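Data block for target31.cif (mmCIF, C-alpha atoms and all ligand atoms):
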```cif
data_run
#
loop_
_atom_site.label_atom_id
_atom_site.label_comp_id
_atom_site.auth_asym_id
_atom_site.auth_seq_id
_atom_site.Cartn_x
_atom_site.Cartn_y
_atom_site.Cartn_z
CA MET A 8 -34.13 24.77 -8.90
CA ALA A 9 -34.34 24.01 -5.19
CA LEU A 10 -31.32 22.27 -3.65
CA GLN A 11 -33.51 19.25 -2.79
CA ASP A 12 -34.03 18.69 -6.52
CA LYS A 13 -30.34 18.90 -7.40
CA PHE A 14 -29.02 15.97 -5.40
CA ARG A 15 -30.57 12.53 -5.14
CA ILE A 16 -30.58 9.68 -2.63
CA LEU A 17 -30.09 6.37 -4.45
CA GLU A 18 -30.93 2.93 -3.10
CA PHE A 19 -29.00 0.06 -4.63
CA PRO A 20 -30.56 -3.40 -4.72
CA ASP A 21 -29.16 -6.19 -2.60
CA LEU A 22 -28.25 -9.21 -4.69
CA GLY A 23 -27.09 -11.09 -1.61
CA ASP A 24 -28.13 -14.50 -0.42
CA GLU A 25 -27.27 -16.79 2.48
CA ARG A 26 -23.58 -16.31 1.65
CA GLY A 27 -23.72 -12.58 2.35
CA LYS A 28 -24.59 -9.28 0.72
CA LEU A 29 -23.76 -8.25 -2.81
CA VAL A 30 -24.35 -4.74 -4.10
CA VAL A 31 -23.71 -3.83 -7.74
CA VAL A 32 -23.50 -0.29 -9.08
CA GLU A 33 -23.45 0.09 -12.85
CA GLY A 34 -22.57 3.35 -14.57
CA GLU A 35 -25.12 5.06 -16.82
CA ASP A 36 -27.77 2.93 -15.19
CA MET A 37 -27.93 2.98 -11.40
CA VAL A 38 -25.83 6.12 -11.36
CA PRO A 39 -26.59 8.79 -13.97
CA PHE A 40 -23.11 8.95 -15.49
CA ALA A 41 -20.35 6.74 -16.87
CA ILE A 42 -17.96 5.96 -14.01
CA ASN A 43 -14.48 7.19 -14.88
CA ARG A 44 -12.90 7.21 -11.45
CA VAL A 45 -13.29 5.53 -8.09
CA PHE A 46 -11.66 6.69 -4.87
CA TYR A 47 -12.30 5.98 -1.23
CA ILE A 48 -11.65 7.78 1.99
CA TYR A 49 -10.98 6.01 5.26
CA GLY A 50 -8.98 6.71 8.41
CA SER A 51 -10.80 10.04 8.87
CA ASP A 52 -12.62 10.71 12.14
CA ASP A 53 -15.10 13.10 13.74
CA THR A 54 -12.54 15.90 14.01
CA VAL A 55 -11.87 16.40 10.31
CA MET A 56 -13.70 18.20 7.55
CA ARG A 57 -13.02 17.00 4.01
CA GLY A 58 -14.31 18.17 0.68
CA GLN A 59 -14.75 21.92 1.11
CA HIS A 60 -14.95 22.43 -2.60
CA ALA A 61 -17.23 22.50 -5.61
CA ASN A 62 -16.51 20.87 -8.95
CA ARG A 63 -17.22 22.65 -12.19
CA ILE A 64 -17.62 19.43 -14.18
CA SER A 65 -17.50 16.30 -12.02
CA GLU A 66 -20.58 14.52 -10.76
CA PHE A 67 -20.25 12.08 -7.88
CA VAL A 68 -22.01 9.28 -6.08
CA LEU A 69 -20.93 8.81 -2.45
CA ILE A 70 -21.46 5.51 -0.65
CA ASN A 71 -20.44 4.70 2.90
CA VAL A 72 -19.68 1.03 2.23
CA SER A 73 -18.70 0.76 5.91
CA GLY A 74 -19.52 3.03 8.84
CA THR A 75 -21.11 6.46 8.59
CA SER A 76 -20.37 10.04 7.65
CA LYS A 77 -22.26 13.23 6.94
CA VAL A 78 -22.28 15.39 3.84
CA ARG A 79 -23.25 19.05 3.89
CA ILE A 80 -24.43 20.19 0.48
CA ASP A 81 -24.67 23.89 -0.28
CA ASP A 82 -25.73 25.59 -3.51
CA GLY A 83 -25.05 29.12 -2.33
CA VAL A 84 -28.69 29.61 -1.39
CA GLU A 85 -29.70 26.60 0.68
CA GLU A 86 -27.91 23.85 2.54
CA CYS A 87 -28.79 20.25 3.31
CA ILE A 88 -27.13 17.64 5.48
CA VAL A 89 -27.31 14.00 4.46
CA GLU A 90 -26.11 11.16 6.67
CA LEU A 91 -24.60 8.26 4.77
CA ASN A 92 -25.26 5.27 6.99
CA ARG A 93 -26.02 2.23 4.84
CA PRO A 94 -23.87 0.39 2.29
CA ARG A 95 -26.77 0.33 -0.19
CA MET A 96 -27.39 4.05 0.00
CA GLY A 97 -25.83 6.40 -2.54
CA LEU A 98 -25.80 10.18 -2.64
CA TYR A 99 -25.73 11.63 -6.15
CA LEU A 100 -24.18 15.09 -6.36
CA PRO A 101 -24.28 17.13 -9.57
CA ALA A 102 -21.54 19.53 -10.64
CA MET A 103 -21.37 22.98 -9.07
CA VAL A 104 -22.58 22.24 -5.57
CA TRP A 105 -20.37 22.93 -2.57
CA LYS A 106 -19.79 19.89 -0.34
CA ASP A 107 -18.26 19.15 3.02
CA MET A 108 -17.79 15.62 4.36
CA TYR A 109 -17.39 15.23 8.13
CA ASP A 110 -18.33 13.28 11.25
CA PHE A 111 -16.68 10.10 9.99
CA SER A 112 -17.11 7.05 12.21
CA ALA A 113 -13.91 5.19 13.04
CA ASP A 114 -14.93 2.40 10.64
CA SER A 115 -16.03 4.76 7.85
CA VAL A 116 -15.02 3.79 4.34
CA LEU A 117 -16.49 6.38 2.00
CA LEU A 118 -16.50 5.16 -1.57
CA VAL A 119 -16.82 7.84 -4.25
CA LEU A 120 -17.73 7.22 -7.88
CA ALA A 121 -16.88 10.08 -10.20
CA SER A 122 -17.88 10.96 -13.74
CA THR A 123 -14.43 12.31 -14.63
CA HIS A 124 -10.76 11.56 -14.37
CA TYR A 125 -9.08 13.80 -11.80
CA ASP A 126 -8.37 17.35 -12.88
CA GLY A 127 -7.45 19.73 -10.09
CA ALA A 128 -8.33 22.68 -12.34
CA GLU A 129 -12.06 21.91 -12.20
CA TYR A 130 -12.12 22.25 -8.41
CA ILE A 131 -13.25 25.48 -6.78
CA ARG A 132 -11.67 25.48 -3.32
CA ASN A 133 -12.58 28.96 -2.17
CA TYR A 134 -16.20 29.53 -1.12
CA GLU A 135 -16.23 33.19 -2.14
CA ASP A 136 -14.99 32.21 -5.62
CA TYR A 137 -17.74 29.58 -5.76
CA LEU A 138 -20.42 32.15 -4.95
CA LYS A 139 -19.01 34.46 -7.61
CA GLU A 140 -19.05 31.74 -10.25
CA ILE A 141 -22.66 30.84 -9.60
CA GLY A 142 -23.64 34.50 -9.47
CA VAL A 143 -24.68 34.64 -5.83
CA THR A 144 -23.56 37.83 -4.18
CA LYS A 145 -24.32 36.96 -0.59
CA LYS A 146 -25.85 34.16 1.38
P1 LIG B 1 -8.86 16.40 -1.66
O1 LIG B 1 -9.59 16.99 -2.82
O2 LIG B 1 -8.37 17.31 -0.59
O3 LIG B 1 -9.75 15.27 -1.01
P2 LIG B 1 -11.21 15.42 -0.34
O4 LIG B 1 -12.10 15.96 -1.37
O5 LIG B 1 -11.57 14.04 0.00
O6 LIG B 1 -11.08 16.25 0.89
O7 LIG B 1 -7.64 15.56 -2.24
C1 LIG B 1 -6.46 15.29 -1.52
C2 LIG B 1 -5.30 15.16 -2.48
O8 LIG B 1 -5.48 14.06 -3.36
C3 LIG B 1 -5.12 16.39 -3.35
O9 LIG B 1 -3.72 16.64 -3.46
C4 LIG B 1 -5.64 15.97 -4.70
C5 LIG B 1 -5.43 14.48 -4.71
N1 LIG B 1 -6.46 13.75 -5.49
C6 LIG B 1 -6.11 13.13 -6.67
O10 LIG B 1 -4.95 13.18 -7.12
N2 LIG B 1 -7.06 12.43 -7.35
C7 LIG B 1 -8.35 12.35 -6.91
O11 LIG B 1 -9.21 11.70 -7.57
C8 LIG B 1 -8.70 13.00 -5.67
C9 LIG B 1 -10.10 12.94 -5.15
C10 LIG B 1 -7.72 13.68 -5.00
#
```
Write the structure described by the file as C-alpha cells, please.
Amino acid sequence: MALQDKFRILEFPDLGDERGKLVVVEGEDMVPFAINRVFYIYGSDDTVMRGQHANRISEFVLINVSGTSKVRIDDGVEECIVELNRPRMGLYLPAMVWKDMYDFSADSVLLVLASTHYDGAEYIRNYEDYLKEIGVTKK
C-alpha cells in the first residue's frame, strides 16, 4: 500500500457560534480508534526534532490546537511531509510508520490522541531496526 493511503488527513467540524469555536473529537467515530491516552507537546521550537520513532501497536491522531508544526512520515519506502496548521485538522497515523515532528512555531501546542496506554516497549527508536522489522533492506 502506498504511503499516501496509510495516513489520513481528518477535518473536524466546528460547533462554534458567536461565543467562539468548539471542536469535538470522539473516539471510534471521528478518529478510527478508542482514545486511551492524550498528551500534548508545547515549548518546542524550530530547532528541535521530536518523534524519531515508529510504534508497533499505537495509532495516533495529531492536532495542532495552536500554532503549527510539520510531521515527516516515512514507511521505509516513501516519505511525506504534512504541515499541521489548523486546529480542526487532524493527522491520523497508523502503527508501524516512522515519524518525525519538527519546525514547531513558538505558539505550537501539538495535541496527540493515542489508541494505547503508554508502553515504551512498543516503540522502535532506531531507524535501522525499523527497516529490519518491516522487511526493507535499504531505502
Ligand atoms: P518521547 O517519546 O521522546 O516524546 P516525542 O515522541 O514527543 O519526541 O517521550 C519523552 C519521554 O516521555 C520519554 O521518557 C517517554 C515519556 N512518555 C511517557 O511516559 N508517556 C507518553 O505517553 C509519552 C508520549 C512519552
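Going from atom CA of Glu86 of chain A to atom CA of Ser65 of chain A covers 19.4 Å.
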To one decimal place, how far is atom CA of Gly97 of chain A from atom CA of Leu120 of chain A in Å?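 Rounded to one decimal, the two atoms are 9.7 Å apart.
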Long-range neighbours of segment 66-79 of chain A as an MDAnalysis selection string, 7 Å cut-off, all atoms listed in the file, 5 positions minimum in chain: chainID A and resid 86:94 96:102 106:112 114:122
So how far away is atom CA of Asp52 of chain A from atom CA of Lys13 of chain A, in Å?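 Distance reported for this atom pair: 27.6 Å.
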Around ligand LIG 1 (chain B), at most 9 Å away and counting all atoms listed in the file, which residues are there? Put them as a list of chain:residue names, please.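 The residues near ligand LIG 1 (chain B) are A:Arg44, A:Val45, A:Phe46, A:Tyr47, A:Ile48, A:Met56, A:Arg57, A:Gly58, A:Gln59, A:His60, A:Lys106, A:Asp107, A:Met108, A:Val119, A:Ala121, A:Thr123, A:His124, A:Tyr125, A:Asp126, A:Gly127, A:Tyr130, A:Arg132.
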Go through A:Asp136, A:Met103, A:Arg15, A:Val30 one by one, measure the shortest atom-to-atom distance of each to Arg63 of chain A using only C-alpha atoms, and give the residue with the smallest value.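 Looking at the shortest contact to Arg63 of chain A, the residue is A:Met103.
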Here is a test: counting only C-alpha atoms, which residue of A:Gly83, A:Leu22, A:Val104, A:Val55 is nearest to Glu135 of chain A?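 Result for the nearest residue to Glu135 of chain A: A:Gly83.
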Given the point (-31.2, 5.3, -11.6) in the file's coordinates, find the residues that have an atom at most 12 Å from it, counting only C-alpha atoms, and give them as a ChimeraX atom specification. /A:15-20,32-40,68,97-99
Between A:Gln11, A:Asn62, A:Ser51, A:Asn43, which residue has the minimum interatomic distance to Ile141 of chain A, considering all atoms listed in the file? A:Asn62
How big is the axis-aligned box, and where does its centre sit, when it encloses all atoms of segment 61-76 of chain A listed in the file and has 5 Å added on every side, reported in Å to one decimal as AutoDock Vina command-line options?
```
--center_x -19.3 --center_y 11.7 --center_z -2.7 --size_x 15.5 --size_y 31.9 --size_z 33.0
```
Please, could N, CA, C and O atoms be added to segment 101-120 of chain A and the result written as an mmCIF file, in the coordinates of the input?
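Done, and the output landed in out-v5.cif:
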```cif
data_model
loop_
_atom_site.group_PDB
_atom_site.id
_atom_site.type_symbol
_atom_site.label_atom_id
_atom_site.label_comp_id
_atom_site.auth_asym_id
_atom_site.auth_seq_id
_atom_site.Cartn_x
_atom_site.Cartn_y
_atom_site.Cartn_z
ATOM 1 N N PRO A 101 -24.582 16.570 -8.256
ATOM 2 C CA PRO A 101 -24.280 17.130 -9.570
ATOM 3 C C PRO A 101 -23.069 18.050 -9.479
ATOM 4 O O PRO A 101 -22.576 18.350 -8.383
ATOM 5 N N ALA A 102 -22.627 18.531 -10.624
ATOM 6 C CA ALA A 102 -21.540 19.530 -10.640
ATOM 7 C C ALA A 102 -22.047 20.824 -9.997
ATOM 8 O O ALA A 102 -23.256 21.070 -9.902
ATOM 9 N N MET A 103 -21.105 21.615 -9.551
ATOM 10 C CA MET A 103 -21.370 22.980 -9.070
ATOM 11 C C MET A 103 -22.233 23.063 -7.803
ATOM 12 O O MET A 103 -23.007 24.008 -7.633
ATOM 13 N N VAL A 104 -22.091 22.059 -6.939
ATOM 14 C CA VAL A 104 -22.580 22.240 -5.570
ATOM 15 C C VAL A 104 -21.377 22.164 -4.647
ATOM 16 O O VAL A 104 -20.407 21.456 -4.910
ATOM 17 N N TRP A 105 -21.434 22.934 -3.572
ATOM 18 C CA TRP A 105 -20.370 22.930 -2.570
ATOM 19 C C TRP A 105 -20.621 21.758 -1.622
ATOM 20 O O TRP A 105 -21.774 21.503 -1.243
ATOM 21 N N LYS A 106 -19.578 21.012 -1.265
ATOM 22 C CA LYS A 106 -19.790 19.890 -0.340
ATOM 23 C C LYS A 106 -18.699 19.780 0.708
ATOM 24 O O LYS A 106 -17.524 20.017 0.433
ATOM 25 N N ASP A 107 -19.149 19.425 1.899
ATOM 26 C CA ASP A 107 -18.260 19.150 3.020
ATOM 27 C C ASP A 107 -18.594 17.758 3.529
ATOM 28 O O ASP A 107 -19.767 17.432 3.701
ATOM 29 N N MET A 108 -17.587 16.946 3.766
ATOM 30 C CA MET A 108 -17.790 15.620 4.360
ATOM 31 C C MET A 108 -17.143 15.628 5.740
ATOM 32 O O MET A 108 -16.006 16.081 5.890
ATOM 33 N N TYR A 109 -17.877 15.127 6.748
ATOM 34 C CA TYR A 109 -17.390 15.230 8.130
ATOM 35 C C TYR A 109 -18.071 14.185 8.993
ATOM 36 O O TYR A 109 -18.907 13.413 8.504
ATOM 37 N N ASP A 110 -17.718 14.200 10.273
ATOM 38 C CA ASP A 110 -18.330 13.280 11.250
ATOM 39 C C ASP A 110 -18.167 11.820 10.831
ATOM 40 O O ASP A 110 -19.108 11.029 10.899
ATOM 41 N N PHE A 111 -16.965 11.467 10.416
ATOM 42 C CA PHE A 111 -16.680 10.100 9.990
ATOM 43 C C PHE A 111 -16.604 9.182 11.209
ATOM 44 O O PHE A 111 -15.919 9.500 12.189
ATOM 45 N N SER A 112 -17.293 8.051 11.160
ATOM 46 C CA SER A 112 -17.110 7.050 12.210
ATOM 47 C C SER A 112 -15.737 6.404 12.035
ATOM 48 O O SER A 112 -15.134 6.479 10.953
ATOM 49 N N ALA A 113 -15.256 5.779 13.101
ATOM 50 C CA ALA A 113 -13.910 5.190 13.040
ATOM 51 C C ALA A 113 -13.814 4.137 11.945
ATOM 52 O O ALA A 113 -12.751 3.948 11.342
ATOM 53 N N ASP A 114 -14.938 3.462 11.668
ATOM 54 C CA ASP A 114 -14.930 2.400 10.640
ATOM 55 C C ASP A 114 -15.424 2.898 9.291
ATOM 56 O O ASP A 114 -15.728 2.102 8.403
ATOM 57 N N SER A 115 -15.477 4.218 9.109
ATOM 58 C CA SER A 115 -16.030 4.760 7.850
ATOM 59 C C SER A 115 -15.108 4.483 6.663
ATOM 60 O O SER A 115 -13.919 4.821 6.687
ATOM 61 N N VAL A 116 -15.685 3.886 5.639
ATOM 62 C CA VAL A 116 -15.020 3.790 4.340
ATOM 63 C C VAL A 116 -15.992 4.439 3.349
ATOM 64 O O VAL A 116 -17.066 3.897 3.072
ATOM 65 N N LEU A 117 -15.620 5.615 2.898
ATOM 66 C CA LEU A 117 -16.490 6.380 2.000
ATOM 67 C C LEU A 117 -16.008 6.194 0.572
ATOM 68 O O LEU A 117 -14.947 6.671 0.187
ATOM 69 N N LEU A 118 -16.818 5.456 -0.174
ATOM 70 C CA LEU A 118 -16.500 5.160 -1.570
ATOM 71 C C LEU A 118 -17.108 6.254 -2.445
ATOM 72 O O LEU A 118 -18.277 6.615 -2.258
ATOM 73 N N VAL A 119 -16.328 6.759 -3.375
ATOM 74 C CA VAL A 119 -16.820 7.840 -4.250
ATOM 75 C C VAL A 119 -16.654 7.414 -5.704
ATOM 76 O O VAL A 119 -15.550 7.045 -6.134
ATOM 77 N N LEU A 120 -17.744 7.465 -6.445
ATOM 78 C CA LEU A 120 -17.730 7.220 -7.880
ATOM 79 C C LEU A 120 -17.786 8.572 -8.562
ATOM 80 O O LEU A 120 -18.597 9.419 -8.180
#
```
